[in-house]
Amino acid sequence: MSANYALEARDLSVRYGGVTANDGVSMHLAQGEIRGLIGPNGAGKSTFIDALSGRRAIAAGSVHLAGSDITALGVVERRLLGLSRSFQRTSIFPGMRIGVQMELAASKIPDADPDEVMRELGLDRLAGRVADEISYGDQRRLDIALALVGRPSVLLLDEPMAGLSVEESMKLARHLRNLARNWGVSVLLVEHDMEVVFGISDSITVLETGKLLAEGTPDEVRAHPKVREAYLGSAA
Amino acid sequence: MSAIITATALEDTQVKRNPGVMRLCAMAAAAVAVGLTVNMSVTSNGLMSLLTQATIYAVFALGLGFLLKQNGMVSFGHALFFGMAGYLVGAAVTLTGWPVGMVVVLTVAAIGMFAFGLALVIVRVPGIAFGMLTLAIGQSFYVLVSKSRGFTGGADGMNINFPAQVFGMELASFQNPSSMFLICWLVLVALVLLLALLLRTGFGPLTEAIRENEERARFIGFRTLLPRAAVFAVSAMVTAVGGVLSALYTGFVSPESLHWSVSGTVLIMVVLGGSRTLWGPAVGAVVYYLFRDFVGEHTTHWMSIFGVSLIAVIVLWPAGIAGGVMRAATSLQRAAARRLA
Ligand SMILES: Nc1ncnc2c1ncn2[C@@H]1O[C@H](COP(=O)(O)OP(=O)(O)OP(=O)(O)O)[C@@H](O)[C@H]1O
Ligand SMILES: [Mg+2]
């Protein structure tokens, strides 16, 4: 059963000292699925992505990629197996040219094509520019582009639209839909912009204080009484 | 169409980043010509000897600067590799009858391996703590060697009795300022060229990426420990070549060559010259020596004058002399392009 999922987390727990930032969270991603991950500030969304990508050690639970248990693997192995991520705080190579850093990212993965990713995200005209000279929006897309080289099977995105204009957000949302449809990438999307999340997600997971609050299709989650009460408030 | 644009942009990128092999070789040839010219036009023995000393330290600074450029790390203990090279060569020449060429190759290789092993442990330590660690390791060797008894001569240092023939040349060629200047200059140019070629391989962008954002480098699939240790080892080996040249030139090695103040002085040369280019630190070394000589002749307070000048350079040109030169060259190029357009 679980072999059908591109990515699956079972009862993940993460602690920072006494704080339990993730408390037995389970989640799965089918191939080509976009799942929104929402929750108030400090709910444990970034921690969850850190745990899935191997950046943060977990206290309990397991992570499975295409059915195989990757809980014991490190960051580098997970990336090479096709589990990739972007960062809430833009993480790029500021002093390097975009073309050079994309080539570098591609050099580690057989048959990876950096140009296709740059075209897909509209970065191709910027190949010769140094990363800290391009606009903030372009830097955010570069962060995602670095993660997308080699067409990973799973992409974990931590607030990719933060700080972007409405127009840029819409454009990025379209890119993500295309990636999921055309490349079969499964996306876990942490995002505060509810319009975007409910607009492009196939399914949604809601976290609150480290615990799973609700899970289901956008309509189910929107109608969920606990979600309405705890998170969406009267806005939904 | 956009593929073509991307391709040309990339080529352009690579040219700007790492000039083509032909251009590198042309630049190396020009540098050799400069060395020959200096060698022929300088008649004062004192100045020649100063320039030889400066070129030896330029090799040292090249090694230290490479670490800063490709790893972003500051070592306060690099004199360890400089002095150790002298002692290893001295010990091998004294205790074995091996040809000096072989001794030198083995010494540099041994220091490379030692530095690599050391780096596997210490490059994990971040920032200032790394600097302090290199300082402590360097100083412990200094104390060890100056307290030691036996043929290394303890605090007095050790004379090295090289055979009459070294690398198929008369020993005298290595101990005469004029010919030794040329030898050191050629070694310096060859090392800069070798390092430039090394950075043209995947090793260049990889180590640059690790220096810029190590965590992200891991998240694009690169293990970072080995490349960082390799940079440290290469840096130590280049510095060791400087130590070998110094031992050949003077036929002598002392614990002072291991002292942290030597590391500190060379660090000043690196900062002065600028570490964003390979050749910056080497320029820094030459300027440092010329400046010290020039100001030292007129005043005993040369160190404070030097300090003030150094601050001025850092304020005006944060990327050192090399950074300032590169910036000036870029604006000249832009001005020329505007005139053409
Ligand atoms: N490095 C850390 N050390 C200690 N506590 C941490 C650390 N990182 C996060 N936390 C705590 O863990 C909890 C979850 O944080 P996390 O960053 O995962 O939340 P988030 O849902 O991503 O929030 P946001 O929407 O603000 O990005 C918070 O209480 C936070 O204070
Ligand atoms: Mg977060």
# chains A, B, ... in the order shown; residues from 1 in each chain; ligands from 1
call {"tool": "closest_atom_pairs", "arguments": {"of": "chain A", "to": "ligand 1", "cutoff": "7 Å", "atoms": "only C-alpha atoms and all ligand atoms", "output": "tab-separated table"}}
result
residue	atom	partner	partner_atom_place_in_ligand_line	distance
A:Tyr16	CA	ligand 1	4 (C)	4.8
A:Val19	CA	ligand 1	12 (O)	6.6
A:Ala21	CA	ligand 1	12 (O)	4.5
A:Gly39	CA	ligand 1	21 (O)	6.2
A:Pro40	CA	ligand 1	25 (O)	5.8
A:Asn41	CA	ligand 1	25 (O)	3.6
A:Gly42	CA	ligand 1	19 (O)	3.4
A:Ala43	CA	ligand 1	21 (O)	3.9
A:Gly44	CA	ligand 1	18 (O)	3.2
A:Lys45	CA	ligand 1	21 (O)	3.7
A:Ser46	CA	ligand 1	22 (O)	3.6
A:Thr47	CA	ligand 1	18 (O)	3.6
A:Phe48	CA	ligand 1	18 (O)	6.4
A:Gly210	CA	ligand 1	14 (C)	6.9
call {"tool": "residues_around", "arguments": {"residues": "Pro126 in chain B", "least_positions_apart": "5", "cutoff": "12 Å", "atoms": "only C-alpha atoms", "output": "VMD selection string"}}
result
chain B and resid 71 to 75 121 131 to 134 211 214
call {"tool": "interface_residues", "arguments": {"of": "chain A", "to": "chain B", "cutoff": "10 Å", "atoms": "only C-alpha atoms", "output": "ChimeraX atom specification"}}
result
/A:53-55,74-87,91-109,115-116,118-119,123-130,143,146-149
call {"tool": "closest_residue", "arguments": {"among": "A:Ala214, A:Leu29, A:Leu121, A:Val190", "to": "ligand 2", "atoms": "only C-alpha atoms and all ligand atoms"}}
result
A:Val190
call {"tool": "select_by_dssp", "arguments": {"residues": "range 24-181 of chain A", "states": "strand (DSSP E or B)", "output": "ChimeraX atom specification"}}
result
/A:24-30,34-38,60-65,68-69,83-85,97,130,154-158
call {"tool": "select_by_dssp", "arguments": {"residues": "range 5-198 of chain B", "states": "helix (DSSP H, G or I)", "output": "count of residues only"}}
result
152
call {"tool": "residues_around", "arguments": {"residues": "Leu51 in chain B", "least_positions_apart": "2", "cutoff": "9 Å", "atoms": "only C-alpha atoms", "output": "MDAnalysis selection string"}}
result
chainID B and resid 46:49 53:56 177 181 286 289:290
call {"tool": "atom_distance", "arguments": {"atom1": "CA of Gly251 in chain B", "atom2": "CA of Phe174 in chain B"}}
result
9.3 Å
call {"tool": "atom_distance", "arguments": {"atom1": "CA of Gly157 in chain B", "atom2": "CA of Phe81 in chain B"}}
result
16.2 Å
call {"tool": "residues_around", "arguments": {"residues": "Gly65 in chain B", "least_positions_apart": "3", "cutoff": "6 Å", "atoms": "only C-alpha atoms", "output": "PyMOL selection string"}}
result
chain B and resi 61-62+68-69+270+275+281
